[in-house]
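Note sheet for the following structure.
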Amino acid sequence: MATSDDGTRLTFVGEVKSAVTTRAALLVIGVLGLMVAFITSYTGAFHHPKPDRMTLAVVAPAQVRGELVSKLDRLPGAPLDPRPAASEAVARRQLADREIDAALLFDPRGTTDRLLVASGGGAALSQAVEAVVTAAEAEQHRTVRTEDVLPTGAGDSRSLSSFYLVVGWCVGGYLCAAILAISAGARPANGPRAVIRLAALALYSIAAGLAGAIVVGPVLGALPGSLFGLWGLGALVVFAVGATTLAFQGLLGIIGIGLAILLIVVLGNPSAGGAYPYPLLPPFWRAIGPALPPGAGTWAARSITYFQGESLTGPLLVLSAWAVGGTLVTVLLATLHRTADERSGGPAPEGGKRLPA
């Protein structure tokens, strides 16, 4: 039987306490919670995709347009959000601007209508719209012919490359911040140290953004969009996620890494609109997705790749907010920690020594 430092024999409970500290036990419990949350979030988001208010422009003669829109709006389960469009040209522009998910062009002289889709915005969404409209048309003894006016690239058959690219950038962002914490302490000792970490993260973000854009573009030919556009987006995504992780670490120490994983991986990835775009996700994930870095990044990447950069402002503002917020919180918390340490006379939290002012 093992003995303690003073020579007394340890009981089994004592050996357990010696082998597994309270801090380690709490961290293991936290990891268990993250695992359960991961399973719940991904399964909840993906186990039963159901179309909900997919936006559909309807082009038809004035005498039948209102009735057609009304019938499509009353479909069981409300899978469509139909709205009239003045002409095919208007519908195509709205589709290119990402204002709608598809457009139905009614043919008054025949029984075959056309459905315009844009699989570049998500193949699953285009297929869902086609299935719903085809079934609705069949009830009226009509058929539909689908035209993919903004298709995915040859190396991006289901428009998933943008999503996986952003996921990779997000992983790089929080891992870089985690490594900085492991190597020199979760909480920066003072404001200047925090700024140095953020500067290192910025340089890494520029390199990571470029590396990702090169891999999916020139190397693999997966995405046909602008290399420089994707590079800039990647740098912003990586820095936003990394700065947020640094802020969480400044607030909670090493536990902040777990909080970043919860936000980005557990909640952000399944709600990003990657495998299933927003109209196919349950309400909770559809609501949070656009506000989190993976969702904003995926939408922006698809816009750059297939939609000539349309509808970018919102996602870029979201990513910028995470980047700026993470930066400010990181610097503020580091400054406050230094001030509190100076008042208490205790050692600085980084390096075990007090640092010169």
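Residues are referred to by chain and number: the chain letter is A, B, ... according to the order shown in the structure tokens, the number counts from 1 in that chain, and ligands are numbered separately from 1 in the order shown.
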
Determine, using only C-alpha atoms, which residues of region 238-347 of chain A have any atom at most 10 Å from an atom of region 52-72 of chain A, and tabulate each with its shortest atom pair and distance in Å to one decimal place, rows ordered by chain and then rising number, as JSON lines.
```
{"residue": "A:Tyr278", "atom": "CA", "partner": "A:Asp52", "partner_atom": "CA", "distance": 8.8}
{"residue": "A:Pro279", "atom": "CA", "partner": "A:Asp52", "partner_atom": "CA", "distance": 5.2}
{"residue": "A:Leu280", "atom": "CA", "partner": "A:Asp52", "partner_atom": "CA", "distance": 6.3}
{"residue": "A:Leu281", "atom": "CA", "partner": "A:Asp52", "partner_atom": "CA", "distance": 8.1}
{"residue": "A:Pro282", "atom": "CA", "partner": "A:Asp52", "partner_atom": "CA", "distance": 8.6}
{"residue": "A:Pro283", "atom": "CA", "partner": "A:Asp52", "partner_atom": "CA", "distance": 9.1}
```

Output N, CA, C and O atoms of each residue in that selection to a file, as a PDB file, in the first residue's frame.
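As a result, part_34.pdb now contains:
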```pdb
ATOM      1  N   TYR A 278     -29.876  27.091 -43.786  1.00  0.00           N
ATOM      2  CA  TYR A 278     -30.752  27.535 -42.697  1.00  0.00           C
ATOM      3  C   TYR A 278     -32.214  27.102 -42.815  1.00  0.00           C
ATOM      4  O   TYR A 278     -32.805  26.698 -41.816  1.00  0.00           O
ATOM      5  N   PRO A 279     -32.863  27.179 -43.998  1.00  0.00           N
ATOM      6  CA  PRO A 279     -34.285  26.790 -44.047  1.00  0.00           C
ATOM      7  C   PRO A 279     -34.539  25.322 -43.743  1.00  0.00           C
ATOM      8  O   PRO A 279     -35.695  24.934 -43.556  1.00  0.00           O
ATOM      9  N   LEU A 280     -33.501  24.503 -43.686  1.00  0.00           N
ATOM     10  CA  LEU A 280     -33.667  23.085 -43.386  1.00  0.00           C
ATOM     11  C   LEU A 280     -33.322  22.744 -41.942  1.00  0.00           C
ATOM     12  O   LEU A 280     -33.491  21.594 -41.520  1.00  0.00           O
ATOM     13  N   LEU A 281     -32.833  23.706 -41.177  1.00  0.00           N
ATOM     14  CA  LEU A 281     -32.433  23.457 -39.789  1.00  0.00           C
ATOM     15  C   LEU A 281     -33.592  23.725 -38.833  1.00  0.00           C
ATOM     16  O   LEU A 281     -34.475  24.538 -39.116  1.00  0.00           O
ATOM     17  N   PRO A 282     -33.590  23.059 -37.672  1.00  0.00           N
ATOM     18  CA  PRO A 282     -34.588  23.364 -36.641  1.00  0.00           C
ATOM     19  C   PRO A 282     -34.451  24.816 -36.176  1.00  0.00           C
ATOM     20  O   PRO A 282     -33.393  25.436 -36.338  1.00  0.00           O
ATOM     21  N   PRO A 283     -35.511  25.377 -35.574  1.00  0.00           N
ATOM     22  CA  PRO A 283     -35.530  26.808 -35.232  1.00  0.00           C
ATOM     23  C   PRO A 283     -34.351  27.278 -34.394  1.00  0.00           C
ATOM     24  O   PRO A 283     -33.795  28.351 -34.648  1.00  0.00           O
TER      25      PRO A 283
END
```

(message) So that I can check the surroundings of region 22-31 of chain A, please list as a list in words every protein, DNA and RNA residue that reaches within 12 Å of it, counting only C-alpha atoms and ignoring chain neighbours fewer than 4 positions away.
(response)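 Counting only C-alpha atoms, the residues come to Val16, Lys17, Ser18, Met35, Val36, Ala37, Phe38, Ile254, Ile255, Gly256, Ile257, Gly258, Leu259, Ile261 and Leu262 of chain A.
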
Please write the residues from the selection above to a file, keeping N, CA, C and O atoms, as a PDB file, in the first residue's frame.
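Just written: result35.pdb:
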```pdb
ATOM      1  N   VAL A  16      -6.932   7.470  -4.362  1.00  0.00           N
ATOM      2  CA  VAL A  16      -7.711   8.061  -5.461  1.00  0.00           C
ATOM      3  C   VAL A  16      -7.537   9.575  -5.468  1.00  0.00           C
ATOM      4  O   VAL A  16      -7.302  10.196  -6.514  1.00  0.00           O
ATOM      5  N   LYS A  17      -7.624  10.172  -4.277  1.00  0.00           N
ATOM      6  CA  LYS A  17      -7.464  11.625  -4.205  1.00  0.00           C
ATOM      7  C   LYS A  17      -6.069  12.051  -4.613  1.00  0.00           C
ATOM      8  O   LYS A  17      -5.877  13.121  -5.196  1.00  0.00           O
ATOM      9  N   SER A  18      -5.090  11.226  -4.305  1.00  0.00           N
ATOM     10  CA  SER A  18      -3.723  11.553  -4.670  1.00  0.00           C
ATOM     11  C   SER A  18      -3.500  11.420  -6.172  1.00  0.00           C
ATOM     12  O   SER A  18      -2.764  12.197  -6.771  1.00  0.00           O
ATOM     13  N   MET A  35     -18.892  16.527 -24.486  1.00  0.00           N
ATOM     14  CA  MET A  35     -19.198  15.399 -25.359  1.00  0.00           C
ATOM     15  C   MET A  35     -20.702  15.221 -25.531  1.00  0.00           C
ATOM     16  O   MET A  35     -21.212  15.059 -26.645  1.00  0.00           O
ATOM     17  N   VAL A  36     -21.421  15.284 -24.409  1.00  0.00           N
ATOM     18  CA  VAL A  36     -22.878  15.146 -24.467  1.00  0.00           C
ATOM     19  C   VAL A  36     -23.491  16.292 -25.270  1.00  0.00           C
ATOM     20  O   VAL A  36     -24.406  16.095 -26.082  1.00  0.00           O
ATOM     21  N   ALA A  37     -22.974  17.495 -25.045  1.00  0.00           N
ATOM     22  CA  ALA A  37     -23.476  18.655 -25.793  1.00  0.00           C
ATOM     23  C   ALA A  37     -23.194  18.506 -27.289  1.00  0.00           C
ATOM     24  O   ALA A  37     -24.032  18.862 -28.127  1.00  0.00           O
ATOM     25  N   PHE A  38     -22.027  17.979 -27.625  1.00  0.00           N
ATOM     26  CA  PHE A  38     -21.659  17.757 -29.029  1.00  0.00           C
ATOM     27  C   PHE A  38     -22.652  16.805 -29.688  1.00  0.00           C
ATOM     28  O   PHE A  38     -23.192  17.088 -30.775  1.00  0.00           O
ATOM     29  N   ILE A 254      -7.744  28.345 -18.258  1.00  0.00           N
ATOM     30  CA  ILE A 254      -7.688  27.246 -19.216  1.00  0.00           C
ATOM     31  C   ILE A 254      -9.076  26.730 -19.556  1.00  0.00           C
ATOM     32  O   ILE A 254      -9.306  26.174 -20.644  1.00  0.00           O
ATOM     33  N   ILE A 255     -10.037  26.906 -18.663  1.00  0.00           N
ATOM     34  CA  ILE A 255     -11.413  26.466 -18.925  1.00  0.00           C
ATOM     35  C   ILE A 255     -12.002  27.236 -20.098  1.00  0.00           C
ATOM     36  O   ILE A 255     -12.918  26.765 -20.774  1.00  0.00           O
ATOM     37  N   GLY A 256     -11.478  28.423 -20.355  1.00  0.00           N
ATOM     38  CA  GLY A 256     -11.974  29.215 -21.471  1.00  0.00           C
ATOM     39  C   GLY A 256     -11.835  28.512 -22.809  1.00  0.00           C
ATOM     40  O   GLY A 256     -12.613  28.767 -23.736  1.00  0.00           O
ATOM     41  N   ILE A 257     -10.838  27.623 -22.932  1.00  0.00           N
ATOM     42  CA  ILE A 257     -10.685  26.853 -24.174  1.00  0.00           C
ATOM     43  C   ILE A 257     -11.912  25.965 -24.377  1.00  0.00           C
ATOM     44  O   ILE A 257     -12.435  25.840 -25.492  1.00  0.00           O
ATOM     45  N   GLY A 258     -12.380  25.357 -23.298  1.00  0.00           N
ATOM     46  CA  GLY A 258     -13.588  24.536 -23.387  1.00  0.00           C
ATOM     47  C   GLY A 258     -14.798  25.347 -23.783  1.00  0.00           C
ATOM     48  O   GLY A 258     -15.651  24.891 -24.568  1.00  0.00           O
ATOM     49  N   LEU A 259     -14.891  26.572 -23.265  1.00  0.00           N
ATOM     50  CA  LEU A 259     -16.014  27.434 -23.628  1.00  0.00           C
ATOM     51  C   LEU A 259     -15.956  27.799 -25.113  1.00  0.00           C
ATOM     52  O   LEU A 259     -16.985  27.854 -25.791  1.00  0.00           O
ATOM     53  N   ILE A 261     -14.650  25.935 -27.484  1.00  0.00           N
ATOM     54  CA  ILE A 261     -15.059  24.736 -28.210  1.00  0.00           C
ATOM     55  C   ILE A 261     -16.576  24.587 -28.182  1.00  0.00           C
ATOM     56  O   ILE A 261     -17.200  24.232 -29.188  1.00  0.00           O
ATOM     57  N   LEU A 262     -17.178  24.874 -27.033  1.00  0.00           N
ATOM     58  CA  LEU A 262     -18.636  24.804 -26.928  1.00  0.00           C
ATOM     59  C   LEU A 262     -19.299  25.760 -27.918  1.00  0.00           C
ATOM     60  O   LEU A 262     -20.245  25.397 -28.621  1.00  0.00           O
TER      61      LEU A 262
END
```

(request) Write out as a PyMOL selection string each polymer residue whose atoms come within 8 Å of region 289-304 of chain A, counting only C-alpha atoms; drop sequence neighbours fewer than 4 positions from it. (result) chain A and resi 120-121+162-163+166-167+170+225-226+229-230+233+237+240-241+263-264+268-269+271-274+278+285+308-312+314-316+318-319+322

(message) What's around region 136-149 of chain A at 12 Å? Count only C-alpha atoms, leave out sequence neighbours fewer than 4 positions away in its own chain, and write the answer as a VMD selection string.
(response) chain A and resid 68 to 69 71 to 76 79 to 80 91 to 96 101 to 123 126 to 127 129 to 132 153 306 to 307

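What separates CA of Thr40 (chain A) from CA of Asp81 (chain A) is a distance of 29.1 Å.
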
(message) DSSP on the backbone: which residues in region 120-288 of chain A end up as alpha helix (DSSP H)? Give the answer as an NGL selection string.
(response) :A and (123-139 or 161-184 or 191-214 or 227-252 or 255-261 or 283-288)

Keeping only C-alpha atoms, write those residues as a short mmCIF file (atom, residue, chain, number, x, y, z; two decimals), in the first residue's frame.
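Output below, filename out.cif:
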```cif
data_model
loop_
_atom_site.label_atom_id
_atom_site.label_comp_id
_atom_site.auth_asym_id
_atom_site.auth_seq_id
_atom_site.Cartn_x
_atom_site.Cartn_y
_atom_site.Cartn_z
CA ALA A 123 -27.17 21.61 -52.81
CA ALA A 124 -29.44 20.25 -50.08
CA LEU A 125 -31.52 23.44 -50.19
CA SER A 126 -31.88 23.34 -53.99
CA GLN A 127 -32.96 19.72 -53.85
CA ALA A 128 -35.47 20.43 -51.09
CA VAL A 129 -37.06 23.29 -53.05
CA GLU A 130 -37.23 21.11 -56.14
CA ALA A 131 -38.91 18.27 -54.25
CA VAL A 132 -41.54 20.54 -52.67
CA VAL A 133 -42.35 22.43 -55.86
CA THR A 134 -42.47 19.26 -57.96
CA ALA A 135 -44.98 17.69 -55.56
CA ALA A 136 -47.09 20.86 -55.49
CA GLU A 137 -47.07 21.11 -59.29
CA ALA A 138 -48.09 17.45 -59.65
CA GLU A 139 -51.23 18.12 -57.62
CA SER A 161 -16.09 22.87 -49.56
CA SER A 162 -16.84 26.39 -48.29
CA PHE A 163 -18.17 24.96 -45.04
CA TYR A 164 -15.18 22.67 -44.46
CA LEU A 165 -12.80 25.50 -45.31
CA VAL A 166 -14.38 27.71 -42.63
CA VAL A 167 -14.41 24.84 -40.12
CA GLY A 168 -10.67 24.42 -40.70
CA TRP A 169 -10.07 28.13 -40.20
CA CYS A 170 -12.08 28.05 -36.96
CA VAL A 171 -10.10 25.08 -35.66
CA GLY A 172 -6.87 26.91 -36.46
CA GLY A 173 -8.07 29.99 -34.61
CA TYR A 174 -8.90 28.40 -31.28
CA LEU A 175 -5.95 25.99 -31.40
CA CYS A 176 -3.53 28.89 -31.92
CA ALA A 177 -5.02 30.70 -28.93
CA ALA A 178 -4.89 27.50 -26.88
CA ILE A 179 -1.21 26.96 -27.70
CA LEU A 180 -0.42 30.51 -26.61
CA ALA A 181 -2.13 29.75 -23.30
CA ILE A 182 -0.35 26.43 -22.79
CA SER A 183 3.06 27.88 -23.59
CA ALA A 184 2.88 31.01 -21.43
CA GLY A 191 -1.87 44.65 -21.26
CA PRO A 192 1.33 44.68 -23.35
CA ARG A 193 1.59 40.89 -23.13
CA ALA A 194 -2.02 40.62 -24.32
CA VAL A 195 -1.28 42.91 -27.25
CA ILE A 196 1.74 40.77 -28.16
CA ARG A 197 -0.41 37.64 -28.14
CA LEU A 198 -3.01 39.36 -30.32
CA ALA A 199 -0.30 40.51 -32.72
CA ALA A 200 1.04 36.95 -32.97
CA LEU A 201 -2.51 35.75 -33.58
CA ALA A 202 -2.96 38.37 -36.33
CA LEU A 203 0.18 37.22 -38.15
CA TYR A 204 -0.92 33.61 -37.82
CA SER A 205 -4.40 34.53 -39.12
CA ILE A 206 -2.96 36.11 -42.26
CA ALA A 207 -0.88 32.99 -42.93
CA ALA A 208 -3.77 30.62 -42.14
CA GLY A 209 -6.19 32.52 -44.35
CA LEU A 210 -3.80 32.38 -47.29
CA ALA A 211 -2.97 28.70 -46.75
CA GLY A 212 -6.63 27.70 -46.70
CA ALA A 213 -7.47 29.75 -49.78
CA ILE A 214 -4.56 28.23 -51.71
CA LEU A 227 -8.25 33.83 -54.01
CA PHE A 228 -7.74 37.25 -52.43
CA GLY A 229 -11.35 37.42 -51.30
CA LEU A 230 -11.13 34.05 -49.56
CA TRP A 231 -7.73 34.98 -48.11
CA GLY A 232 -9.15 38.09 -46.49
CA LEU A 233 -12.19 36.21 -45.21
CA GLY A 234 -9.98 33.45 -43.80
CA ALA A 235 -7.76 35.90 -41.94
CA LEU A 236 -10.85 37.51 -40.40
CA VAL A 237 -12.42 34.16 -39.42
CA VAL A 238 -9.22 32.86 -37.80
CA PHE A 239 -8.59 36.09 -35.91
CA ALA A 240 -12.22 36.38 -34.76
CA VAL A 241 -12.21 32.84 -33.35
CA GLY A 242 -8.72 33.17 -31.87
CA ALA A 243 -9.42 36.54 -30.23
CA THR A 244 -12.66 35.18 -28.79
CA THR A 245 -10.77 32.20 -27.37
CA LEU A 246 -8.14 34.51 -25.84
CA ALA A 247 -10.94 36.54 -24.25
CA PHE A 248 -12.52 33.41 -22.76
CA GLN A 249 -9.11 32.34 -21.42
CA GLY A 250 -8.59 35.75 -19.87
CA LEU A 251 -11.96 35.40 -18.17
CA LEU A 252 -11.87 31.74 -17.08
CA ILE A 255 -11.41 26.47 -18.92
CA GLY A 256 -11.97 29.21 -21.47
CA ILE A 257 -10.69 26.85 -24.17
CA GLY A 258 -13.59 24.54 -23.39
CA LEU A 259 -16.01 27.43 -23.63
CA ALA A 260 -14.59 28.33 -27.05
CA ILE A 261 -15.06 24.74 -28.21
CA PRO A 283 -35.53 26.81 -35.23
CA PHE A 284 -32.86 26.97 -32.50
CA TRP A 285 -29.93 26.25 -34.81
CA ARG A 286 -31.38 28.42 -37.58
CA ALA A 287 -31.62 31.32 -35.12
CA ILE A 288 -28.09 31.17 -33.69
#
```

(message) I'd like to know which residues of region 29-229 of chain A are strand (DSSP E) (by DSSP, run on the backbone); could you write them as a VMD selection string?
(response) chain A and resid 54 to 59 80 to 84 102 to 105 112 to 117 143 to 148

(request) Can you work out the spacing between CA of Pro51 (chain A) and CA of Leu160 (chain A) in Å, to one decimal? (result)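 If I compute the distance from CA of Pro51 (chain A) to CA of Leu160 (chain A), I get 18.8 Å.
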
(request) Could you please determine the separation between CA of Leu34 (chain A) and CA of Ala321 (chain A) in Å, to one decimal place? (result)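 Here the two named atoms are 25.4 Å from each other.
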
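Counting only C-alpha atoms, the residue from A:Thr313, A:Thr330, A:Ser159, A:Ser320 that sits nearest to Pro277 (chain A) is A:Ser159.
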
(request) Might you pull out every residue within 10 Å of Gly155 (chain A), with only C-alpha atoms counted and same-chain residues fewer than 6 positions away left off, and present them as a list in words? (result) Ser161, Val216, Gly217, Leu220, Gly221, Ala222, Leu223 and Pro224 of chain A

Hey, can you spit out that residue selection with C-alpha atoms as a PDB file, in the first residue's frame?
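Printed below is result-v8.pdb as written:
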```pdb
ATOM      1  CA  SER A 161     -16.086  22.874 -49.556  1.00  0.00           C
ATOM      2  CA  VAL A 216      -9.165  24.920 -51.822  1.00  0.00           C
ATOM      3  CA  GLY A 217      -8.331  27.038 -54.867  1.00  0.00           C
ATOM      4  CA  LEU A 220      -7.473  21.202 -55.130  1.00  0.00           C
ATOM      5  CA  GLY A 221      -9.636  23.289 -57.449  1.00  0.00           C
ATOM      6  CA  ALA A 222     -12.544  22.901 -55.033  1.00  0.00           C
ATOM      7  CA  LEU A 223     -13.668  26.542 -54.982  1.00  0.00           C
ATOM      8  CA  PRO A 224     -13.611  28.839 -58.014  1.00  0.00           C
TER       9      PRO A 224
END
```
